[in-house]
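Source file work-v5.cif; content: mmCIF, C-alpha atoms.
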```cif
data_input
loop_
_atom_site.group_PDB
_atom_site.id
_atom_site.type_symbol
_atom_site.label_atom_id
_atom_site.label_comp_id
_atom_site.auth_asym_id
_atom_site.auth_seq_id
_atom_site.Cartn_x
_atom_site.Cartn_y
_atom_site.Cartn_z
ATOM 1 C CA MET A 1 6.180 5.586 -13.899
ATOM 2 C CA LYS A 2 7.070 7.026 -10.509
ATOM 3 C CA LEU A 3 5.644 6.357 -7.054
ATOM 4 C CA GLN A 4 4.314 9.926 -6.988
ATOM 5 C CA ASP A 5 2.207 9.123 -10.062
ATOM 6 C CA PHE A 6 -0.156 6.925 -8.063
ATOM 7 C CA ILE A 7 0.625 7.140 -4.326
ATOM 8 C CA VAL A 8 -2.016 9.513 -2.944
ATOM 9 C CA ALA A 9 -0.181 11.831 -0.545
ATOM 10 C CA ASP A 10 -3.323 12.652 1.463
ATOM 11 C CA ALA A 11 -3.961 8.935 2.055
ATOM 12 C CA ILE A 12 -0.526 8.125 3.503
ATOM 13 C CA THR A 13 -0.812 6.814 7.065
ATOM 14 C CA PRO A 14 2.513 6.962 8.926
ATOM 15 C CA GLN A 15 0.981 5.620 12.152
ATOM 16 C CA LEU A 16 -1.538 2.898 11.467
ATOM 17 C CA GLN A 17 -4.099 2.468 14.237
ATOM 18 C CA ALA A 18 -5.301 -0.987 13.209
ATOM 19 C CA ILE A 19 -3.480 -3.992 14.641
ATOM 20 C CA ASP A 20 -4.697 -6.842 12.420
ATOM 21 C CA ARG A 21 -4.438 -7.466 8.681
ATOM 22 C CA ASP A 22 -8.102 -7.008 7.779
ATOM 23 C CA LYS A 23 -8.452 -3.766 9.741
ATOM 24 C CA VAL A 24 -5.176 -2.396 8.312
ATOM 25 C CA ILE A 25 -6.497 -2.978 4.797
ATOM 26 C CA GLU A 26 -9.816 -1.351 5.714
ATOM 27 C CA GLU A 27 -8.040 1.622 7.332
ATOM 28 C CA LEU A 28 -5.903 2.232 4.243
ATOM 29 C CA VAL A 29 -8.808 1.903 1.787
ATOM 30 C CA ASN A 30 -10.762 4.359 3.944
ATOM 31 C CA THR A 31 -7.874 6.842 3.721
ATOM 32 C CA LEU A 32 -8.045 6.595 -0.072
ATOM 33 C CA ALA A 33 -11.782 7.357 0.090
ATOM 34 C CA ALA A 34 -11.260 10.220 2.551
ATOM 35 C CA SER A 35 -8.679 11.735 0.192
ATOM 36 C CA GLY A 36 -11.155 11.630 -2.700
ATOM 37 C CA ALA A 37 -9.158 9.033 -4.655
ATOM 38 C CA LEU A 38 -11.918 6.416 -4.265
ATOM 39 C CA ASP A 39 -15.681 6.761 -3.966
ATOM 40 C CA ALA A 40 -16.710 6.219 -0.342
ATOM 41 C CA GLU A 41 -19.521 3.842 -1.333
ATOM 42 C CA SER A 42 -16.923 1.622 -3.035
ATOM 43 C CA VAL A 43 -14.964 1.013 0.167
ATOM 44 C CA PRO A 44 -16.749 -2.179 1.337
ATOM 45 C CA GLU A 45 -16.485 -3.857 -2.080
ATOM 46 C CA VAL A 46 -12.842 -2.902 -2.550
ATOM 47 C CA VAL A 47 -11.938 -4.047 0.966
ATOM 48 C CA GLN A 48 -13.647 -7.397 0.301
ATOM 49 C CA ALA A 49 -11.739 -7.782 -2.983
ATOM 50 C CA LEU A 50 -8.440 -7.125 -1.203
ATOM 51 C CA LEU A 51 -9.290 -9.576 1.584
ATOM 52 C CA LYS A 52 -10.258 -12.207 -0.976
ATOM 53 C CA ARG A 53 -6.863 -11.694 -2.600
ATOM 54 C CA GLU A 54 -5.191 -12.174 0.802
ATOM 55 C CA ARG A 55 -7.079 -15.425 1.375
ATOM 56 C CA ASN A 56 -5.776 -16.710 -1.977
ATOM 57 C CA GLY A 57 -2.205 -15.999 -0.887
ATOM 58 C CA SER A 58 -0.624 -13.494 1.453
ATOM 59 C CA THR A 59 0.749 -10.312 -0.062
ATOM 60 C CA GLY A 60 3.226 -10.209 2.816
ATOM 61 C CA PHE A 61 6.334 -11.068 0.831
ATOM 62 C CA GLY A 62 8.780 -10.823 3.725
ATOM 63 C CA LYS A 63 11.222 -8.248 5.065
ATOM 64 C CA GLY A 64 8.405 -6.566 7.030
ATOM 65 C CA VAL A 65 6.418 -5.584 3.955
ATOM 66 C CA ALA A 66 2.997 -6.366 2.448
ATOM 67 C CA VAL A 67 1.438 -5.084 -0.768
ATOM 68 C CA PRO A 68 -2.309 -5.815 -0.852
ATOM 69 C CA HIS A 69 -3.521 -5.102 -4.376
ATOM 70 C CA CYS A 70 -6.398 -5.697 -6.750
ATOM 71 C CA LYS A 71 -8.072 -4.581 -9.943
ATOM 72 C CA HIS A 72 -11.692 -3.568 -9.379
ATOM 73 C CA ALA A 73 -14.565 -2.156 -11.424
ATOM 74 C CA LYS A 74 -15.208 0.584 -8.836
ATOM 75 C CA VAL A 75 -11.659 1.923 -9.175
ATOM 76 C CA LYS A 76 -11.468 4.647 -11.825
ATOM 77 C CA THR A 77 -7.715 5.255 -11.916
ATOM 78 C CA LEU A 78 -4.561 3.658 -10.528
ATOM 79 C CA VAL A 79 -4.179 4.743 -6.903
ATOM 80 C CA GLY A 80 -2.119 3.634 -3.965
ATOM 81 C CA THR A 81 -1.166 4.479 -0.441
ATOM 82 C CA VAL A 82 1.247 3.388 2.236
ATOM 83 C CA GLY A 83 0.777 2.753 5.929
ATOM 84 C CA ILE A 84 3.378 2.148 8.611
ATOM 85 C CA SER A 85 2.799 0.087 11.743
ATOM 86 C CA ALA A 86 5.096 0.642 14.705
ATOM 87 C CA LYS A 87 4.199 -2.672 16.353
ATOM 88 C CA GLY A 88 3.896 -4.842 13.250
ATOM 89 C CA VAL A 89 0.925 -6.763 11.880
ATOM 90 C CA ASP A 90 0.495 -10.463 11.183
ATOM 91 C CA PHE A 91 -0.015 -10.754 7.414
ATOM 92 C CA SER A 92 0.939 -14.451 7.270
ATOM 93 C CA ALA A 93 4.019 -13.238 5.440
ATOM 94 C CA LEU A 94 6.230 -15.681 3.577
ATOM 95 C CA ASP A 95 8.984 -15.288 6.188
ATOM 96 C CA LYS A 96 6.455 -15.557 9.071
ATOM 97 C CA GLN A 97 7.595 -12.167 10.397
ATOM 98 C CA PRO A 98 5.391 -9.157 11.256
ATOM 99 C CA VAL A 99 4.694 -6.545 8.590
ATOM 100 C CA TYR A 100 5.543 -2.923 9.316
ATOM 101 C CA ILE A 101 5.079 -1.344 5.878
ATOM 102 C CA VAL A 102 1.861 -1.826 3.897
ATOM 103 C CA PHE A 103 1.384 -0.511 0.368
ATOM 104 C CA VAL A 104 -2.145 -0.781 -1.076
ATOM 105 C CA VAL A 105 -2.488 -0.622 -4.864
ATOM 106 C CA LEU A 106 -5.854 -0.362 -6.612
ATOM 107 C CA SER A 107 -6.319 -0.384 -10.372
ATOM 108 C CA PRO A 108 -9.251 -0.276 -12.790
ATOM 109 C CA GLU A 109 -10.181 -3.713 -14.129
ATOM 110 C CA GLY A 110 -8.734 -3.129 -17.590
ATOM 111 C CA ALA A 111 -5.454 -1.581 -16.484
ATOM 112 C CA THR A 112 -3.352 -4.737 -16.305
ATOM 113 C CA GLN A 113 -0.120 -3.251 -17.657
ATOM 114 C CA GLN A 114 -0.377 -0.153 -15.475
ATOM 115 C CA HIS A 115 -1.100 -2.352 -12.432
ATOM 116 C CA LEU A 116 1.915 -4.561 -13.158
ATOM 117 C CA SER A 117 4.157 -1.520 -13.665
ATOM 118 C CA ALA A 118 3.076 -0.048 -10.326
ATOM 119 C CA MET A 119 3.630 -3.359 -8.539
ATOM 120 C CA ASP A 120 7.065 -3.759 -10.149
ATOM 121 C CA LEU A 121 8.061 -0.249 -9.074
ATOM 122 C CA ILE A 122 6.952 -0.863 -5.486
ATOM 123 C CA PHE A 123 8.713 -4.230 -5.293
ATOM 124 C CA ARG A 124 11.940 -2.824 -6.741
ATOM 125 C CA ASN A 125 11.983 -0.089 -4.103
ATOM 126 C CA LEU A 126 11.016 -2.427 -1.272
ATOM 127 C CA GLN A 127 13.930 -4.722 -2.113
ATOM 128 C CA ASN A 128 16.196 -1.838 -1.113
ATOM 129 C CA ASP A 129 17.119 -2.214 2.579
ATOM 130 C CA ARG A 130 17.736 1.521 2.982
ATOM 131 C CA PHE A 131 14.341 2.440 1.504
ATOM 132 C CA ARG A 132 12.564 0.063 3.926
ATOM 133 C CA LYS A 133 14.626 1.306 6.863
ATOM 134 C CA PHE A 134 13.996 4.988 6.130
ATOM 135 C CA LEU A 135 10.300 4.377 5.444
ATOM 136 C CA ARG A 136 9.859 2.668 8.820
ATOM 137 C CA GLN A 137 11.532 5.651 10.487
ATOM 138 C CA CYS A 138 9.193 8.218 8.937
ATOM 139 C CA GLY A 139 7.306 9.815 11.800
ATOM 140 C CA ASP A 140 4.829 11.838 9.791
ATOM 141 C CA LYS A 141 3.156 12.084 6.415
ATOM 142 C CA GLN A 142 5.539 14.723 5.086
ATOM 143 C CA ALA A 143 8.558 12.529 5.843
ATOM 144 C CA VAL A 144 6.985 9.715 3.785
ATOM 145 C CA ILE A 145 6.202 12.121 0.937
ATOM 146 C CA ASP A 146 9.776 13.459 1.019
ATOM 147 C CA LEU A 147 11.202 9.915 0.909
ATOM 148 C CA ILE A 148 8.962 8.990 -2.046
ATOM 149 C CA GLN A 149 9.994 12.149 -3.908
ATOM 150 C CA GLU A 150 13.678 11.479 -3.223
ATOM 151 C CA THR A 151 13.287 7.870 -4.361
ATOM 152 C CA ASP A 152 11.564 8.949 -7.573
ATOM 153 C CA THR A 153 14.248 11.546 -8.272
ATOM 154 C CA ASN A 154 17.073 9.050 -7.824
ATOM 155 C CA ALA A 155 15.422 6.272 -9.842
#
```

Translate the structure described by the file into structure tokens.
Amino acid sequence: MKLQDFIVADAITPQLQAIDRDKVIEELVNTLAASGALDAESVPEVVQALLKRERNGSTGFGKGVAVPHCKHAKVKTLVGTVGISAKGVDFSALDKQPVYIVFVVLSPEGATQQHLSAMDLIFRNLQNDRFRKFLRQCGDKQAVIDLIQETDTNA
């Protein structure tokens, strides 16, 4: 599996407008719907599922990164997106630091192995200091897409 297999290019948001965790999640889920990767009527339910997951334990794992994720009946295929915040967002991260990079991963309910593979791939890349640094520096959608393609090629 590669990032390009499930990261929806049209949903990438290199300059998040939202400034709090809940609104960031809502903004990114809305970009997935706007791109056609998720039914628009599913947005409220999916957002609530992601927020419930956050209340059970922050997906902000440190190093300026959060990966809100869930499996949901309204999701038809594995999809994901990434958003970048210039100012940082409080995700109650493990290291208590602001989050600048947010990956959202949505999977169908029965796709446990696919979901775990996608999460593993994201976490492996986010452990790389250079990947995080370059991702934060991406000023537009195409720069993010180029970085993802380069990362996939060199994996």

Hey, which of A:Val104, A:Ile148, A:Thr112, A:Phe61 ends up closest to Asn30 in chain A? Count only C-alpha atoms.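 Among the listed residues, the smallest separation from Asn30 in chain A belongs to A:Val104.
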
Could you state which residues are captured by the PyMOL selection byres ((chain A and resi 144) around 9) in this file, as a ChimeraX atom specification? /A:9,12-14,82,134-135,138-143,145-149

Correct to one decimal, the distance CA of Asp129 in chain A-CA of Lys71 in chain A is 28.2 Å

Point-to-point distance from CA of His115 in chain A to CA of Thr153 in chain A, Å rounded to tenths: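 Computing the Euclidean distance for CA of His115 in chain A and CA of Thr153 in chain A yields 21.1 Å.
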
I need the residue nearest Glu26 in chain A from this list: A:Gln137, A:Val102, A:Arg55, A:Asp10. Use only C-alpha atoms for the distance.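 With only C-alpha atoms as the atom set, the closest residue is A:Val102.
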
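Interatomic distance, CA of Lys52 in chain A against CA of Leu3 in chain A: 25.2 Å.
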
At a cut-off of 10 Å, using only C-alpha atoms, what residues contact Ala86 in chain A? Leave out same-chain residues fewer than 4 positions from it and give the result as a list in words.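 Once the nearby chain positions are removed, what remains is Pro14, Gln15, Leu16, Gln17, Ile19, Val99, Tyr100, Ile101, Arg136, Gln137 and Gly139 of chain A.
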
Excluding Ser58 in chain A and residues on its chain fewer than 3 positions from it, collect all residues at most 12 Å away from it, counting all atoms listed in the file, and give them as a list in words. Arg21, Asp22, Leu50, Leu51, Lys52, Arg53, Glu54, Arg55, Phe61, Gly62, Val65, Ala66, Val67, Pro68, His69, Asp90, Phe91, Ser92, Ala93, Leu94, Asp95, Lys96 and Val99 of chain A

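Residue nearest Lys133 in chain A, chosen from A:Glu109, A:Gly64, A:Gln48, A:Thr59 and counting all atoms listed in the file: A:Gly64.
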
If the PyMOL selection byres ((chain A and resi 111) around 12) were run on this exact file, what residues would it hold? Put them as a VMD selection string. chain A and resid 70 to 73 75 to 79 106 to 110 112 to 118

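Counting only C-alpha atoms, the residue from A:Asn56, A:Gln4, A:Asn125, A:Thr81 that sits nearest to Ala34 in chain A is A:Thr81.
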
So, counting all atoms listed in the file, which residue among A:Glu27, A:Glu45, A:Asp152, A:Asp5 is closest to Gly80 in chain A?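 Selected residue with least distance to Gly80 in chain A: A:Asp5.
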
Counting all atoms listed in the file, which of A:Gly88, A:Gln127, A:Val8, A:Thr151 gets nearest to Leu38 in chain A? A:Val8

Can you rebuild range 99-130 of chain A with N, CA and C atoms and give it as a PDB file, keeping the file's coordinate frame?
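Saved result, selection38.pdb, follows:
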```
ATOM      1  N   VAL A  99       4.616  -7.543   9.659  1.00  0.00           N
ATOM      2  CA  VAL A  99       4.694  -6.545   8.590  1.00  0.00           C
ATOM      3  C   VAL A  99       4.599  -5.158   9.219  1.00  0.00           C
ATOM      4  N   TYR A 100       5.505  -4.290   8.800  1.00  0.00           N
ATOM      5  CA  TYR A 100       5.543  -2.923   9.316  1.00  0.00           C
ATOM      6  C   TYR A 100       5.182  -1.889   8.252  1.00  0.00           C
ATOM      7  N   ILE A 101       5.356  -2.247   6.999  1.00  0.00           N
ATOM      8  CA  ILE A 101       5.079  -1.344   5.878  1.00  0.00           C
ATOM      9  C   ILE A 101       4.040  -2.009   4.993  1.00  0.00           C
ATOM     10  N   VAL A 102       2.932  -1.283   4.732  1.00  0.00           N
ATOM     11  CA  VAL A 102       1.861  -1.826   3.897  1.00  0.00           C
ATOM     12  C   VAL A 102       1.568  -0.833   2.773  1.00  0.00           C
ATOM     13  N   PHE A 103       1.786  -1.276   1.545  1.00  0.00           N
ATOM     14  CA  PHE A 103       1.384  -0.511   0.368  1.00  0.00           C
ATOM     15  C   PHE A 103       0.078  -1.127  -0.128  1.00  0.00           C
ATOM     16  N   VAL A 104      -0.914  -0.316  -0.429  1.00  0.00           N
ATOM     17  CA  VAL A 104      -2.145  -0.781  -1.076  1.00  0.00           C
ATOM     18  C   VAL A 104      -2.152  -0.198  -2.480  1.00  0.00           C
ATOM     19  N   VAL A 105      -2.419  -1.059  -3.468  1.00  0.00           N
ATOM     20  CA  VAL A 105      -2.488  -0.622  -4.864  1.00  0.00           C
ATOM     21  C   VAL A 105      -3.821  -1.064  -5.440  1.00  0.00           C
ATOM     22  N   LEU A 106      -4.556  -0.104  -5.991  1.00  0.00           N
ATOM     23  CA  LEU A 106      -5.854  -0.362  -6.612  1.00  0.00           C
ATOM     24  C   LEU A 106      -5.819   0.129  -8.052  1.00  0.00           C
ATOM     25  N   SER A 107      -6.317  -0.729  -8.950  1.00  0.00           N
ATOM     26  CA  SER A 107      -6.319  -0.384 -10.372  1.00  0.00           C
ATOM     27  C   SER A 107      -7.689  -0.654 -10.974  1.00  0.00           C
ATOM     28  N   PRO A 108      -8.032   0.063 -12.049  1.00  0.00           N
ATOM     29  CA  PRO A 108      -9.251  -0.276 -12.790  1.00  0.00           C
ATOM     30  C   PRO A 108      -9.104  -1.679 -13.387  1.00  0.00           C
ATOM     31  N   GLU A 109     -10.209  -2.336 -13.630  1.00  0.00           N
ATOM     32  CA  GLU A 109     -10.181  -3.713 -14.129  1.00  0.00           C
ATOM     33  C   GLU A 109      -9.359  -3.891 -15.402  1.00  0.00           C
ATOM     34  N   GLY A 110      -9.418  -2.957 -16.316  1.00  0.00           N
ATOM     35  CA  GLY A 110      -8.734  -3.129 -17.590  1.00  0.00           C
ATOM     36  C   GLY A 110      -7.299  -2.661 -17.623  1.00  0.00           C
ATOM     37  N   ALA A 111      -6.777  -2.210 -16.504  1.00  0.00           N
ATOM     38  CA  ALA A 111      -5.454  -1.581 -16.484  1.00  0.00           C
ATOM     39  C   ALA A 111      -4.359  -2.557 -16.065  1.00  0.00           C
ATOM     40  N   THR A 112      -4.298  -3.698 -16.708  1.00  0.00           N
ATOM     41  CA  THR A 112      -3.352  -4.737 -16.305  1.00  0.00           C
ATOM     42  C   THR A 112      -1.910  -4.273 -16.388  1.00  0.00           C
ATOM     43  N   GLN A 113      -1.513  -3.670 -17.501  1.00  0.00           N
ATOM     44  CA  GLN A 113      -0.120  -3.251 -17.657  1.00  0.00           C
ATOM     45  C   GLN A 113       0.249  -2.173 -16.651  1.00  0.00           C
ATOM     46  N   GLN A 114      -0.624  -1.222 -16.446  1.00  0.00           N
ATOM     47  CA  GLN A 114      -0.377  -0.153 -15.475  1.00  0.00           C
ATOM     48  C   GLN A 114      -0.252  -0.741 -14.065  1.00  0.00           C
ATOM     49  N   HIS A 115      -1.126  -1.692 -13.738  1.00  0.00           N
ATOM     50  CA  HIS A 115      -1.100  -2.352 -12.432  1.00  0.00           C
ATOM     51  C   HIS A 115       0.242  -3.076 -12.236  1.00  0.00           C
ATOM     52  N   LEU A 116       0.650  -3.832 -13.246  1.00  0.00           N
ATOM     53  CA  LEU A 116       1.915  -4.561 -13.158  1.00  0.00           C
ATOM     54  C   LEU A 116       3.108  -3.615 -13.040  1.00  0.00           C
ATOM     55  N   SER A 117       3.072  -2.506 -13.748  1.00  0.00           N
ATOM     56  CA  SER A 117       4.157  -1.520 -13.665  1.00  0.00           C
ATOM     57  C   SER A 117       4.244  -0.919 -12.260  1.00  0.00           C
ATOM     58  N   ALA A 118       3.099  -0.604 -11.681  1.00  0.00           N
ATOM     59  CA  ALA A 118       3.076  -0.048 -10.326  1.00  0.00           C
ATOM     60  C   ALA A 118       3.610  -1.062  -9.319  1.00  0.00           C
ATOM     61  N   MET A 119       3.174  -2.309  -9.453  1.00  0.00           N
ATOM     62  CA  MET A 119       3.630  -3.359  -8.539  1.00  0.00           C
ATOM     63  C   MET A 119       5.140  -3.566  -8.681  1.00  0.00           C
ATOM     64  N   ASP A 120       5.634  -3.589  -9.909  1.00  0.00           N
ATOM     65  CA  ASP A 120       7.065  -3.759 -10.149  1.00  0.00           C
ATOM     66  C   ASP A 120       7.859  -2.627  -9.499  1.00  0.00           C
ATOM     67  N   LEU A 121       7.377  -1.409  -9.650  1.00  0.00           N
ATOM     68  CA  LEU A 121       8.061  -0.249  -9.074  1.00  0.00           C
ATOM     69  C   LEU A 121       8.110  -0.354  -7.550  1.00  0.00           C
ATOM     70  N   ILE A 122       6.991  -0.719  -6.944  1.00  0.00           N
ATOM     71  CA  ILE A 122       6.952  -0.863  -5.486  1.00  0.00           C
ATOM     72  C   ILE A 122       7.913  -1.961  -5.043  1.00  0.00           C
ATOM     73  N   PHE A 123       7.847  -3.118  -5.689  1.00  0.00           N
ATOM     74  CA  PHE A 123       8.713  -4.230  -5.293  1.00  0.00           C
ATOM     75  C   PHE A 123      10.191  -3.888  -5.463  1.00  0.00           C
ATOM     76  N   ARG A 124      10.538  -3.202  -6.537  1.00  0.00           N
ATOM     77  CA  ARG A 124      11.940  -2.824  -6.741  1.00  0.00           C
ATOM     78  C   ARG A 124      12.428  -1.937  -5.597  1.00  0.00           C
ATOM     79  N   ASN A 125      11.593  -0.976  -5.198  1.00  0.00           N
ATOM     80  CA  ASN A 125      11.983  -0.089  -4.103  1.00  0.00           C
ATOM     81  C   ASN A 125      12.020  -0.821  -2.765  1.00  0.00           C
ATOM     82  N   LEU A 126      11.074  -1.720  -2.547  1.00  0.00           N
ATOM     83  CA  LEU A 126      11.016  -2.427  -1.272  1.00  0.00           C
ATOM     84  C   LEU A 126      12.127  -3.469  -1.118  1.00  0.00           C
ATOM     85  N   GLN A 127      12.778  -3.833  -2.205  1.00  0.00           N
ATOM     86  CA  GLN A 127      13.930  -4.722  -2.113  1.00  0.00           C
ATOM     87  C   GLN A 127      15.147  -3.989  -1.544  1.00  0.00           C
ATOM     88  N   ASN A 128      15.098  -2.664  -1.589  1.00  0.00           N
ATOM     89  CA  ASN A 128      16.196  -1.838  -1.113  1.00  0.00           C
ATOM     90  C   ASN A 128      16.108  -1.712   0.415  1.00  0.00           C
ATOM     91  N   ASP A 129      17.115  -2.249   1.109  1.00  0.00           N
ATOM     92  CA  ASP A 129      17.119  -2.214   2.579  1.00  0.00           C
ATOM     93  C   ASP A 129      17.038  -0.793   3.121  1.00  0.00           C
ATOM     94  N   ARG A 130      17.740   0.124   2.502  1.00  0.00           N
ATOM     95  CA  ARG A 130      17.736   1.521   2.982  1.00  0.00           C
ATOM     96  C   ARG A 130      16.351   2.148   2.837  1.00  0.00           C
TER      97      ARG A 130
END
```
